[in-house]
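Asker: model.cif is reproduced in full below (mmCIF, C-alpha atoms and all ligand atoms).
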```cif
data_entry
#
loop_
_atom_site.label_atom_id
_atom_site.label_comp_id
_atom_site.auth_asym_id
_atom_site.auth_seq_id
_atom_site.Cartn_x
_atom_site.Cartn_y
_atom_site.Cartn_z
CA MET A 14 56.10 22.85 -12.82
CA LYS A 15 57.63 26.12 -14.03
CA ASN A 16 60.25 24.37 -16.13
CA LYS A 17 57.99 21.65 -17.57
CA PRO A 18 56.98 21.89 -21.27
CA ILE A 19 53.56 23.47 -21.89
CA LEU A 20 51.98 20.23 -23.17
CA ILE A 21 52.82 18.33 -19.96
CA ARG A 22 51.54 21.24 -17.83
CA THR A 23 48.20 21.33 -19.76
CA GLY A 24 47.93 17.54 -19.38
CA ILE A 25 48.38 17.69 -15.63
CA THR A 26 45.78 20.50 -15.32
CA LEU A 27 43.23 18.57 -17.44
CA LEU A 28 43.78 15.41 -15.38
CA SER A 29 43.28 17.33 -12.12
CA VAL A 30 40.07 18.97 -13.35
CA THR A 31 38.71 15.58 -14.58
CA LEU A 32 39.52 13.97 -11.24
CA LEU A 33 37.87 16.80 -9.32
CA VAL A 34 34.68 16.58 -11.44
CA ALA A 35 34.60 12.79 -10.97
CA VAL A 36 34.90 13.13 -7.19
CA ILE A 37 32.09 15.73 -7.12
CA ILE A 38 29.78 13.49 -9.21
CA PHE A 39 30.64 10.49 -7.03
CA LEU A 40 29.87 12.27 -3.77
CA THR A 41 26.68 14.02 -4.87
CA SER A 42 25.12 11.12 -6.77
CA SER A 43 21.57 10.35 -5.53
CA LYS A 44 22.71 6.80 -4.90
CA GLY A 45 25.50 8.02 -2.63
CA PRO A 46 29.08 6.83 -2.81
CA TRP A 47 28.29 3.26 -1.78
CA GLY A 48 25.43 2.61 -4.16
CA ILE A 49 22.58 3.19 -1.70
CA ASP A 50 20.88 6.44 -0.92
CA SER A 51 22.74 8.22 1.79
CA GLY A 52 19.87 10.01 3.49
CA GLN A 53 16.55 11.66 2.81
CA GLN A 54 18.43 14.42 1.02
CA ASP A 55 18.31 12.10 -2.00
CA THR A 56 15.36 12.27 -4.34
CA LYS A 57 14.07 8.72 -3.90
CA GLY A 58 11.45 7.80 -1.33
CA LEU A 59 10.14 4.44 -0.20
CA LYS A 60 7.43 4.46 -2.88
CA ASP A 61 10.03 4.91 -5.61
CA TYR A 62 12.03 1.87 -4.54
CA TYR A 63 8.78 -0.10 -4.65
CA LYS A 64 7.33 1.35 -7.84
CA ASN A 65 7.52 -2.00 -9.61
CA PHE A 66 5.99 -3.84 -6.66
CA PHE A 67 2.98 -2.18 -4.98
CA PRO A 68 1.85 1.21 -3.65
CA ILE A 69 3.24 2.15 -0.24
CA GLY A 70 0.67 3.78 1.98
CA VAL A 71 0.46 5.55 5.32
CA ALA A 72 -2.27 6.27 7.87
CA VAL A 73 -2.67 10.00 8.36
CA GLY A 74 -4.66 12.67 10.15
CA PRO A 75 -5.88 16.02 8.80
CA ASN A 76 -2.58 17.76 9.66
CA SER A 77 -0.20 15.12 8.31
CA PHE A 78 0.41 17.06 5.11
CA ASP A 79 1.73 20.11 6.99
CA GLY A 80 5.39 21.09 7.31
CA ALA A 81 8.27 18.63 7.40
CA THR A 82 5.97 15.68 8.09
CA GLY A 83 4.00 16.58 4.97
CA GLU A 84 7.17 16.56 2.90
CA LEU A 85 8.09 13.16 4.32
CA VAL A 86 4.61 11.83 3.55
CA LYS A 87 4.63 13.08 -0.05
CA LYS A 88 8.15 11.86 -0.70
CA ASN A 89 7.79 8.35 0.65
CA PHE A 90 4.20 7.28 0.17
CA ASN A 91 1.80 7.09 -2.76
CA SER A 92 -1.30 5.99 -0.89
CA VAL A 93 -3.04 7.25 2.23
CA THR A 94 -5.60 5.93 4.69
CA CYS A 95 -7.41 8.21 7.13
CA GLU A 96 -6.36 6.89 10.53
CA ASN A 97 -9.63 7.96 12.16
CA VAL A 98 -11.67 10.58 10.35
CA MET A 99 -13.60 8.30 7.96
CA LYS A 100 -14.72 6.02 10.78
CA PRO A 101 -18.47 6.08 11.53
CA ALA A 102 -18.28 8.00 14.84
CA LEU A 103 -16.18 10.75 13.31
CA ILE A 104 -17.72 11.16 9.87
CA HIS A 105 -21.32 10.55 11.00
CA PRO A 106 -21.44 11.72 14.62
CA GLU A 107 -25.21 12.20 14.75
CA GLN A 108 -28.05 10.70 12.77
CA ASN A 109 -28.66 13.85 10.74
CA ARG A 110 -25.12 15.20 10.66
CA TYR A 111 -22.10 14.18 8.64
CA ASN A 112 -18.70 15.74 9.34
CA TRP A 113 -16.99 15.63 5.94
CA GLU A 114 -14.42 18.37 6.42
CA PRO A 115 -11.45 16.47 7.98
CA ALA A 116 -11.69 13.58 5.52
CA ASP A 117 -12.28 15.89 2.54
CA LYS A 118 -9.14 17.79 3.54
CA ILE A 119 -7.03 14.63 3.54
CA VAL A 120 -8.51 13.40 0.25
CA ALA A 121 -7.88 16.76 -1.44
CA GLN A 122 -4.27 16.89 -0.27
CA ALA A 123 -3.64 13.29 -1.25
CA GLN A 124 -5.11 13.87 -4.70
CA ALA A 125 -3.07 17.03 -5.19
CA ALA A 126 0.03 14.94 -4.42
CA GLY A 127 -1.06 12.19 -6.85
CA MET A 128 -1.64 9.65 -4.08
CA LYS A 129 -4.28 6.93 -3.93
CA VAL A 130 -6.81 6.95 -1.07
CA ARG A 131 -7.97 3.82 0.82
CA GLY A 132 -11.28 4.13 2.66
CA HIS A 133 -11.33 3.00 6.30
CA THR A 134 -13.84 1.88 7.53
CA LEU A 135 -17.58 1.54 6.90
CA CYS A 136 -18.67 -0.95 9.55
CA TRP A 137 -16.88 -1.67 12.83
CA HIS A 138 -17.71 -2.36 16.48
CA ALA A 139 -15.43 0.51 17.65
CA GLN A 140 -15.52 4.25 16.90
CA THR A 141 -19.20 4.01 16.00
CA GLY A 142 -21.68 6.41 17.56
CA ALA A 143 -24.02 4.85 20.11
CA TRP A 144 -26.90 6.54 18.28
CA MET A 145 -26.46 4.08 15.39
CA THR A 146 -27.32 0.93 17.31
CA LYS A 147 -29.19 2.21 20.37
CA ASP A 148 -32.48 3.99 20.97
CA ALA A 149 -33.03 7.04 23.17
CA GLU A 150 -33.19 4.83 26.28
CA GLY A 151 -29.91 3.11 25.42
CA LYS A 152 -31.55 -0.15 24.34
CA PRO A 153 -30.48 -1.89 21.12
CA VAL A 154 -32.60 -0.87 18.14
CA SER A 155 -34.48 -3.47 16.09
CA LYS A 156 -32.79 -5.32 13.25
CA GLU A 157 -34.83 -3.34 10.71
CA VAL A 158 -33.74 -0.01 12.17
CA ALA A 159 -30.09 -1.11 12.44
CA LEU A 160 -30.01 -2.29 8.82
CA ALA A 161 -31.70 0.88 7.58
CA ARG A 162 -29.14 3.04 9.43
CA LEU A 163 -26.23 1.00 8.11
CA LYS A 164 -27.54 1.20 4.56
CA GLU A 165 -28.01 4.96 4.77
CA HIS A 166 -24.53 5.41 6.28
CA ILE A 167 -22.71 3.25 3.75
CA THR A 168 -24.57 4.59 0.73
CA THR A 169 -23.98 8.20 1.75
CA VAL A 170 -20.28 7.80 2.62
CA VAL A 171 -19.32 5.69 -0.39
CA SER A 172 -21.27 8.00 -2.74
CA HIS A 173 -19.58 11.07 -1.24
CA PHE A 174 -16.11 9.72 -2.04
CA LYS A 175 -17.02 7.99 -5.31
CA GLY A 176 -14.18 8.32 -7.79
CA LYS A 177 -11.83 9.60 -5.05
CA VAL A 178 -11.50 6.60 -2.75
CA TYR A 179 -10.42 3.58 -4.79
CA CYS A 180 -11.04 0.87 -2.18
CA TRP A 181 -12.92 0.42 1.09
CA ASP A 182 -12.47 -1.62 4.23
CA VAL A 183 -16.19 -2.36 4.27
CA LEU A 184 -16.18 -4.61 7.32
CA ASN A 185 -13.52 -4.38 10.01
CA GLU A 186 -12.63 -6.97 12.66
CA ILE A 187 -15.75 -9.11 12.99
CA ILE A 188 -13.94 -12.42 13.53
CA SER A 189 -13.44 -13.62 17.11
CA ASP A 190 -9.95 -14.00 18.61
CA SER A 191 -11.13 -17.00 20.59
CA ALA A 192 -9.06 -20.17 20.25
CA ASN A 193 -12.36 -22.00 19.96
CA VAL A 194 -12.74 -22.78 16.26
CA ASN A 195 -16.50 -22.83 16.61
CA LYS A 196 -16.72 -19.30 17.96
CA MET A 197 -16.71 -17.47 14.68
CA TYR A 198 -17.81 -13.89 15.32
CA MET A 199 -16.99 -11.21 17.91
CA ASP A 200 -20.01 -11.27 20.15
CA THR A 201 -19.25 -7.80 21.48
CA ASP A 202 -20.01 -6.31 18.07
CA PRO A 203 -23.32 -4.42 18.30
CA TRP A 204 -24.16 -4.92 14.61
CA PHE A 205 -23.68 -8.67 14.94
CA ASN A 206 -25.68 -8.79 18.16
CA ILE A 207 -28.64 -7.07 16.57
CA CYS A 208 -28.56 -8.50 13.04
CA GLY A 209 -26.71 -11.81 13.24
CA GLU A 210 -24.53 -12.53 10.21
CA GLU A 211 -27.28 -11.38 7.86
CA TYR A 212 -25.88 -7.84 7.64
CA ILE A 213 -22.51 -8.92 6.25
CA PRO A 214 -23.46 -9.68 2.61
CA LYS A 215 -25.76 -6.66 2.64
CA ILE A 216 -23.10 -4.10 3.56
CA TYR A 217 -20.90 -5.26 0.67
CA GLN A 218 -23.85 -5.08 -1.70
CA TRP A 219 -24.72 -1.53 -0.58
CA ALA A 220 -21.13 -0.37 -0.93
CA HIS A 221 -20.93 -1.94 -4.39
CA GLU A 222 -24.17 -0.29 -5.51
CA ALA A 223 -22.92 3.11 -4.33
CA ASP A 224 -19.64 2.78 -6.23
CA PRO A 225 -19.37 -0.22 -8.57
CA ASP A 226 -15.71 0.62 -9.28
CA ALA A 227 -14.59 0.55 -5.66
CA ILE A 228 -12.52 -2.45 -4.57
CA LEU A 229 -14.11 -3.88 -1.44
CA PHE A 230 -12.04 -5.39 1.38
CA TYR A 231 -12.50 -7.33 4.57
CA ASN A 232 -9.93 -6.07 7.11
CA ASP A 233 -8.66 -7.78 10.27
CA TYR A 234 -5.70 -8.29 12.66
CA ASN A 235 -4.00 -11.46 13.96
CA THR A 236 -4.49 -12.94 10.51
CA GLU A 237 -1.39 -15.11 10.87
CA ASN A 238 -2.84 -16.94 13.85
CA PRO A 239 -3.83 -20.28 12.29
CA VAL A 240 -7.19 -20.54 14.12
CA LYS A 241 -8.27 -16.99 13.37
CA ARG A 242 -6.96 -17.26 9.81
CA GLU A 243 -9.10 -20.33 9.22
CA LYS A 244 -12.20 -18.55 10.51
CA ILE A 245 -11.59 -15.53 8.28
CA TYR A 246 -10.92 -17.83 5.33
CA ASN A 247 -14.16 -19.72 5.93
CA MET A 248 -16.21 -16.55 6.19
CA LEU A 249 -14.72 -15.13 2.99
CA LYS A 250 -15.18 -18.41 1.14
CA LYS A 251 -18.84 -18.50 2.11
CA LEU A 252 -19.41 -14.88 1.09
CA LEU A 253 -17.71 -15.43 -2.27
CA ALA A 254 -19.81 -18.57 -2.88
CA GLN A 255 -22.91 -16.42 -2.30
CA GLY A 256 -21.71 -14.00 -4.97
CA VAL A 257 -21.03 -11.18 -2.50
CA PRO A 258 -18.95 -8.38 -4.10
CA ILE A 259 -15.81 -8.71 -2.03
CA HIS A 260 -12.49 -8.31 -3.79
CA GLY A 261 -9.70 -8.21 -1.27
CA VAL A 262 -8.53 -8.98 2.22
CA GLY A 263 -6.71 -6.48 4.38
CA LEU A 264 -4.16 -8.06 6.69
CA GLN A 265 -3.55 -5.35 9.27
CA ALA A 266 -0.01 -6.43 10.23
CA HIS A 267 0.23 -4.93 13.72
CA TRP A 268 3.26 -7.08 14.40
CA ASN A 269 6.08 -7.32 16.92
CA MET A 270 9.74 -8.27 16.51
CA ASN A 271 9.08 -11.97 17.18
CA ASN A 272 5.74 -12.48 15.51
CA PRO A 273 4.65 -13.60 13.00
CA THR A 274 7.24 -15.85 11.38
CA GLU A 275 8.31 -15.64 7.76
CA ASP A 276 6.39 -18.84 6.98
CA GLN A 277 3.24 -17.60 8.66
CA ILE A 278 3.26 -14.41 6.57
CA ARG A 279 3.75 -16.45 3.41
CA GLU A 280 1.01 -18.90 4.36
CA SER A 281 -1.50 -16.10 4.98
CA ILE A 282 -0.81 -14.49 1.62
CA ASP A 283 -1.12 -17.79 -0.25
CA LYS A 284 -4.20 -18.93 1.62
CA PHE A 285 -6.23 -15.78 1.02
CA ALA A 286 -4.96 -15.37 -2.53
CA SER A 287 -6.17 -18.91 -3.26
CA LEU A 288 -9.71 -17.50 -2.92
CA GLY A 289 -8.94 -15.15 -5.81
CA LEU A 290 -8.72 -12.17 -3.45
CA LYS A 291 -6.11 -9.45 -3.65
CA ILE A 292 -4.01 -8.99 -0.53
CA GLN A 293 -3.10 -5.70 1.12
CA PHE A 294 -1.11 -5.19 4.29
CA THR A 295 -3.23 -2.34 5.59
CA GLU A 296 -1.88 -1.23 8.99
CA LEU A 297 1.76 -2.26 9.18
CA ASP A 298 3.87 -1.48 12.23
CA VAL A 299 6.37 -3.50 14.26
CA THR A 300 6.28 -2.60 17.94
CA THR A 301 9.46 -2.86 20.00
CA ILE A 302 7.53 -3.04 23.26
CA SER A 303 7.38 -6.44 24.83
CA ARG A 304 5.32 -7.44 27.84
CA ARG A 305 8.14 -7.23 30.37
CA ASP A 306 9.85 -4.20 28.86
CA THR A 307 9.21 -1.03 30.82
CA SER A 308 11.82 1.19 29.18
CA ARG A 309 11.15 4.08 26.86
CA ALA A 310 14.47 3.63 25.06
CA PHE A 311 15.06 2.44 21.52
CA THR A 312 18.12 0.34 22.39
CA PRO A 313 20.65 -0.95 19.83
CA GLU A 314 19.26 -4.46 20.46
CA LYS A 315 15.73 -3.35 19.59
CA GLU A 316 17.03 -1.44 16.58
CA LYS A 317 18.78 -4.55 15.24
CA LYS A 318 15.92 -6.93 15.90
CA GLN A 319 13.36 -4.62 14.35
CA MET A 320 15.61 -4.08 11.34
CA GLU A 321 15.85 -7.83 10.80
CA PHE A 322 12.10 -8.22 11.11
CA TYR A 323 11.34 -5.49 8.57
CA LYS A 324 13.96 -6.90 6.21
CA MET A 325 12.32 -10.33 6.39
CA ALA A 326 8.78 -8.99 5.96
CA PHE A 327 9.58 -6.93 2.88
CA LYS A 328 11.52 -9.81 1.36
CA VAL A 329 8.31 -11.86 1.57
CA PHE A 330 6.21 -8.97 0.23
CA ARG A 331 8.50 -8.60 -2.80
CA GLU A 332 8.48 -12.32 -3.40
CA LYS A 333 4.65 -12.30 -3.38
CA LYS A 334 4.21 -9.06 -5.29
CA ASP A 335 1.77 -10.59 -7.78
CA LYS A 336 -0.69 -11.21 -4.97
CA ILE A 337 -0.19 -7.93 -3.09
CA THR A 338 -1.76 -4.63 -4.17
CA GLY A 339 -0.63 -2.43 -1.32
CA VAL A 340 1.41 -2.11 1.87
CA THR A 341 0.31 0.65 4.24
CA PHE A 342 2.11 1.78 7.40
CA TRP A 343 -0.04 2.71 10.40
CA ASN A 344 1.32 6.22 11.12
CA VAL A 345 4.16 8.22 9.63
CA SER A 346 7.11 8.08 12.02
CA ASP A 347 8.13 7.16 15.57
CA ARG A 348 7.27 10.74 16.50
CA GLY A 349 3.73 9.51 17.09
CA SER A 350 2.04 6.13 16.94
CA TRP A 351 -1.25 4.81 18.28
CA LEU A 352 0.96 2.30 20.15
CA ASP A 353 2.56 5.02 22.32
CA ARG A 354 0.34 4.63 25.34
CA GLY A 355 0.75 4.60 29.10
CA GLY A 356 3.99 6.58 28.89
CA ARG A 357 5.70 3.98 26.70
CA LYS A 358 7.23 4.46 23.25
CA ALA A 359 6.84 1.69 20.67
CA TYR A 360 9.20 2.98 17.90
CA PRO A 361 7.29 0.83 15.42
CA LEU A 362 7.93 2.58 12.08
CA LEU A 363 10.66 3.13 9.47
CA PHE A 364 11.21 6.82 10.31
CA ASP A 365 12.54 7.94 13.69
CA THR A 366 11.38 10.62 16.11
CA ASN A 367 13.19 13.21 13.97
CA ASN A 368 11.45 11.95 10.81
CA GLN A 369 14.75 10.47 9.59
CA PRO A 370 15.03 7.00 8.00
CA LYS A 371 16.03 4.30 10.49
CA LYS A 372 18.41 1.40 9.85
CA ALA A 373 15.33 -0.73 9.14
CA TYR A 374 14.44 1.69 6.30
CA TRP A 375 17.77 1.08 4.59
CA GLU A 376 17.30 -2.67 4.82
CA VAL A 377 13.82 -2.38 3.31
CA VAL A 378 15.11 -0.47 0.26
CA LYS A 379 18.24 -2.62 -0.20
CA PHE A 380 17.36 -5.30 -2.76
O1 LIG B 1 -10.20 12.79 19.42
C1 LIG B 1 -10.23 12.47 20.81
C2 LIG B 1 -9.85 13.65 21.62
O2 LIG B 1 -10.81 14.66 21.44
C3 LIG B 1 -9.74 13.24 23.09
O3 LIG B 1 -9.30 14.31 23.85
C4 LIG B 1 -8.76 12.08 23.25
C5 LIG B 1 -8.69 11.58 24.69
O4 LIG B 1 -8.37 10.21 24.76
O5 LIG B 1 -9.22 11.03 22.45
C6 LIG B 1 -9.26 11.34 21.08
O6 LIG B 1 -9.72 10.21 20.39
C7 LIG B 1 -8.82 9.16 20.26
C8 LIG B 1 -8.66 8.87 18.76
O7 LIG B 1 -7.85 7.73 18.57
C9 LIG B 1 -8.01 10.03 18.01
O8 LIG B 1 -6.70 10.27 18.46
C10 LIG B 1 -9.37 7.93 20.96
O9 LIG B 1 -9.38 8.15 22.36
C11 LIG B 1 -8.55 6.72 20.64
O10 LIG B 1 -9.20 5.58 21.16
C12 LIG B 1 -8.42 6.57 19.15
O11 LIG B 1 -7.59 5.47 18.88
C13 LIG B 1 -7.64 4.99 17.56
C14 LIG B 1 -8.06 3.52 17.60
O12 LIG B 1 -8.02 2.99 16.28
C15 LIG B 1 -9.47 3.34 18.15
O13 LIG B 1 -9.76 2.00 18.27
C16 LIG B 1 -6.26 5.10 16.97
O14 LIG B 1 -5.93 6.49 16.80
C17 LIG B 1 -6.19 4.41 15.61
O15 LIG B 1 -4.86 4.34 15.17
C18 LIG B 1 -6.72 2.99 15.76
O16 LIG B 1 -6.72 2.37 14.49
C19 LIG B 1 -7.15 1.01 14.47
C20 LIG B 1 -7.75 0.76 13.11
O17 LIG B 1 -8.75 1.69 12.83
C21 LIG B 1 -8.30 -0.67 13.01
N1 LIG B 1 -7.29 -1.63 13.35
C22 LIG B 1 -6.59 -1.43 14.61
C23 LIG B 1 -6.01 -0.01 14.66
C24 LIG B 1 -5.21 0.18 15.91
O18 LIG B 1 -6.02 0.08 17.04
#
```
Would you write out, as structure tokens, the structure that this file holds?
Answerer:
Amino acid sequence: MKNKPILIRTGITLLSVTLLVAVIIFLTSSKGPWGIDSGQQDTKGLKDYYKNFFPIGVAVGPNSFDGATGELVKKNFNSVTCENVMKPALIHPEQNRYNWEPADKIVAQAQAAGMKVRGHTLCWHAQTGAWMTKDAEGKPVSKEVALARLKEHITTVVSHFKGKVYCWDVLNEIISDSANVNKMYMDTDPWFNICGEEYIPKIYQWAHEADPDAILFYNDYNTENPVKREKIYNMLKKLLAQGVPIHGVGLQAHWNMNNPTEDQIRESIDKFASLGLKIQFTELDVTTISRRDTSRAFTPEKEKKQMEFYKMAFKVFREKKDKITGVTFWNVSDRGSWLDRGGRKAYPLLFDTNNQPKKAYWEVVKF
């Protein structure tokens, strides 16, 4: 080096500096060296990959915006659903008492983060205070009393969140799981038992009157089962023919690694969209627990199978993006899911127990 002419020495130095800068840019690029994001240290979250498709939501509780989980939520999702606190039993625990605070907290935090809020749910057989449908002796109230209570509940809740909650699951899970095509409704539902199907158009009308801008959904699970799908389709078709203000159908998507098939997901989207309804996948998770599996471990086999399932599902969602206005995950990460019961772990989400993206995550954002 010492004996080389000054021009050559300057050239070599410049070349080295350029190479060094190039290597630094290459390694620190948000896309990572291989063209995909190399971890959650990058600036893109799930919602950003899907910004030209549909909002990506998540079911949360009042503390989900705290700490590292809060950062994960804000980075990856642009819509939230209250997992429990907007349900009748929690928001309206007694006839003359509403408990707004937990839901208001979530709505305020979501709004501050620029996220949309889905409302869940106004009328359901579960998580509904006994006071709503029973008298002091525990006997079912009359139809008139039941309808008056429902109207008051729906009007008050929808009005409270008017302009803050953009859509509502007005009615949740009324269709029977029975394989009998003639058994349409869940006969364990107290509202149905007292009112018959007469309350269904009414609850949509009351929600619409309280907030004419709110998008009103029917929400259910097992919507890829052909028999149940047909029943839901028939109910929605009838309601629409009656002019009931119903705008969308929520397909919950509590799935497992074998069910449903790609074709069944496609068929559900097309069938409900043919009614002119918008589709949202409202409670997505893919459990890795199967009936005979007693382990708590997330084995490499489960990891691979779940990754393939998620890859397939999001491929269909992207393909059908014109019909889909939202995809919401039911819980944030494998740290905690409603499916973790009886000492078992379901590992159903895209983020692991350390809140880190799983292999399935990288497949979902690779397109
Ligand atoms: O808050 C109480 C707590 O005080 C008590 O100590 C504890 C003891 O079990 O229970 C707590 O309540 C639980 C509640 O979740 C809040 O964690 C209930 O027992 C439990 O039943 C309830 O489960 C919820 C379930 O709906 C009720 O059916 C799940 O969190 C929630 O994820 C789940 O969500 C539903 C959707 O709304 C509709 N579609 C199906 C979906 C999954 O079941």
Asker: Name the residues, by chain letter and number, that sit within 6 Å of ligand LIG 1 (chain B) using all atoms listed in the file, and give them as a list in words.
Answerer: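 Checking all atoms listed in the file against ligand LIG 1 (chain B) at 6 Å gives Glu96, Ala139 and Trp351 of chain A.
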Asker: Which residues, written as a ChimeraX atom specification, have at least one atom at most 7 Å from Lys129 in chain A, with only C-alpha atoms counted and residues fewer than 6 positions away on the same chain left out?
Answerer: /A:91-93,123
Asker: Give me the range 311-333 of chain A side of the contact with range 56-64 of chain A, cut-off 12 Å, one line per residue showing its nearest atom pair and distance in Å at one decimal, counting only C-alpha atoms, sorted by chain and residue number, as a tab-separated table.
Answerer:
```
residue	atom	partner	partner_atom	distance
A:Phe327	CA	A:Tyr63	CA	10.2
A:Lys328	CA	A:Tyr63	CA	11.7
A:Phe330	CA	A:Tyr63	CA	10.4
A:Arg331	CA	A:Tyr63	CA	8.7
```
Asker: Find the residues around range 175-189 of chain A up to 6 Å (only C-alpha atoms counted), leave out those fewer than 4 positions away in its own chain, and share them as a VMD selection string.
Answerer: chain A and resid 130 to 137 171 197 to 199 224 227 to 233
Asker: Just to be explicit: take each residue in the selection above, keep C-alpha atoms, and write the result as a CSV table (one decimal), in the coordinates of the input.
Answerer:
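File written: again.csv
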```csv
chain,number,residue,atom,x,y,z
A,130,VAL,CA,-6.8,7.0,-1.1
A,131,ARG,CA,-8.0,3.8,0.8
A,132,GLY,CA,-11.3,4.1,2.7
A,133,HIS,CA,-11.3,3.0,6.3
A,134,THR,CA,-13.8,1.9,7.5
A,135,LEU,CA,-17.6,1.5,6.9
A,136,CYS,CA,-18.7,-1.0,9.6
A,137,TRP,CA,-16.9,-1.7,12.8
A,171,VAL,CA,-19.3,5.7,-0.4
A,197,MET,CA,-16.7,-17.5,14.7
A,198,TYR,CA,-17.8,-13.9,15.3
A,199,MET,CA,-17.0,-11.2,17.9
A,224,ASP,CA,-19.6,2.8,-6.2
A,227,ALA,CA,-14.6,0.6,-5.7
A,228,ILE,CA,-12.5,-2.4,-4.6
A,229,LEU,CA,-14.1,-3.9,-1.4
A,230,PHE,CA,-12.0,-5.4,1.4
A,231,TYR,CA,-12.5,-7.3,4.6
A,232,ASN,CA,-9.9,-6.1,7.1
A,233,ASP,CA,-8.7,-7.8,10.3
```
Asker: Have a look at A:Gln265, A:Thr301, A:Asn76, A:Thr146 and name the one nearest to Ile207 in chain A; count all atoms listed in the file.
Answerer: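 Closest residue, counting all atoms listed in the file: A:Thr146.
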Asker: As an exercise, work out the distance from CA of Ile104 in chain A to CA of Thr141 in chain A in Å and give it to one decimal place.
Answerer: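 Computing the Euclidean distance for CA of Ile104 in chain A and CA of Thr141 in chain A yields 9.5 Å.
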Asker: Using CA of Ala116 in chain A and CA of Val98 in chain A as the two end points, give the distance in Å to one decimal.
Answerer: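 Computed distance, CA of Ala116 in chain A to CA of Val98 in chain A, equals 5.7 Å.
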Asker: Output range 90-101 of chain A as a PDB file, in the coordinates of the input, making sure N, CA, C and O atoms are there.
Answerer:
```pdb
ATOM      1  N   PHE A  90       5.404   8.094   0.289  1.00  0.00           N
ATOM      2  CA  PHE A  90       4.200   7.280   0.170  1.00  0.00           C
ATOM      3  C   PHE A  90       3.375   7.702  -1.049  1.00  0.00           C
ATOM      4  O   PHE A  90       3.355   8.881  -1.403  1.00  0.00           O
ATOM      5  N   ASN A  91       2.700   6.725  -1.661  1.00  0.00           N
ATOM      6  CA  ASN A  91       1.800   7.090  -2.760  1.00  0.00           C
ATOM      7  C   ASN A  91       0.368   6.609  -2.524  1.00  0.00           C
ATOM      8  O   ASN A  91      -0.422   6.505  -3.456  1.00  0.00           O
ATOM      9  N   SER A  92       0.060   6.344  -1.265  1.00  0.00           N
ATOM     10  CA  SER A  92      -1.300   5.990  -0.890  1.00  0.00           C
ATOM     11  C   SER A  92      -1.528   6.468   0.544  1.00  0.00           C
ATOM     12  O   SER A  92      -0.596   6.454   1.342  1.00  0.00           O
ATOM     13  N   VAL A  93      -2.740   6.894   0.845  1.00  0.00           N
ATOM     14  CA  VAL A  93      -3.040   7.250   2.230  1.00  0.00           C
ATOM     15  C   VAL A  93      -4.333   6.578   2.704  1.00  0.00           C
ATOM     16  O   VAL A  93      -5.219   6.276   1.906  1.00  0.00           O
ATOM     17  N   THR A  94      -4.389   6.375   4.004  1.00  0.00           N
ATOM     18  CA  THR A  94      -5.600   5.930   4.690  1.00  0.00           C
ATOM     19  C   THR A  94      -5.847   6.942   5.793  1.00  0.00           C
ATOM     20  O   THR A  94      -4.892   7.372   6.448  1.00  0.00           O
ATOM     21  N   CYS A  95      -7.114   7.327   5.996  1.00  0.00           N
ATOM     22  CA  CYS A  95      -7.410   8.210   7.130  1.00  0.00           C
ATOM     23  C   CYS A  95      -7.359   7.336   8.389  1.00  0.00           C
ATOM     24  O   CYS A  95      -8.102   6.357   8.497  1.00  0.00           O
ATOM     25  N   GLU A  96      -6.503   7.723   9.325  1.00  0.00           N
ATOM     26  CA  GLU A  96      -6.360   6.890  10.530  1.00  0.00           C
ATOM     27  C   GLU A  96      -7.671   6.829  11.309  1.00  0.00           C
ATOM     28  O   GLU A  96      -8.019   5.775  11.846  1.00  0.00           O
ATOM     29  N   ASN A  97      -8.390   7.931  11.363  1.00  0.00           N
ATOM     30  CA  ASN A  97      -9.630   7.960  12.160  1.00  0.00           C
ATOM     31  C   ASN A  97     -10.819   8.629  11.475  1.00  0.00           C
ATOM     32  O   ASN A  97     -11.955   8.221  11.684  1.00  0.00           O
ATOM     33  N   VAL A  98     -10.564   9.670  10.682  1.00  0.00           N
ATOM     34  CA  VAL A  98     -11.670  10.580  10.350  1.00  0.00           C
ATOM     35  C   VAL A  98     -12.732  10.054   9.381  1.00  0.00           C
ATOM     36  O   VAL A  98     -13.749  10.720   9.173  1.00  0.00           O
ATOM     37  N   MET A  99     -12.518   8.880   8.783  1.00  0.00           N
ATOM     38  CA  MET A  99     -13.600   8.300   7.960  1.00  0.00           C
ATOM     39  C   MET A  99     -14.410   7.261   8.737  1.00  0.00           C
ATOM     40  O   MET A  99     -15.345   6.674   8.209  1.00  0.00           O
ATOM     41  N   LYS A 100     -14.001   7.021   9.987  1.00  0.00           N
ATOM     42  CA  LYS A 100     -14.720   6.020  10.780  1.00  0.00           C
ATOM     43  C   LYS A 100     -16.113   6.550  11.155  1.00  0.00           C
ATOM     44  O   LYS A 100     -16.295   7.766  11.308  1.00  0.00           O
ATOM     45  N   PRO A 101     -17.080   5.639  11.327  1.00  0.00           N
ATOM     46  CA  PRO A 101     -18.470   6.080  11.530  1.00  0.00           C
ATOM     47  C   PRO A 101     -18.648   7.175  12.592  1.00  0.00           C
ATOM     48  O   PRO A 101     -19.310   8.180  12.335  1.00  0.00           O
TER      49      PRO A 101
END
```
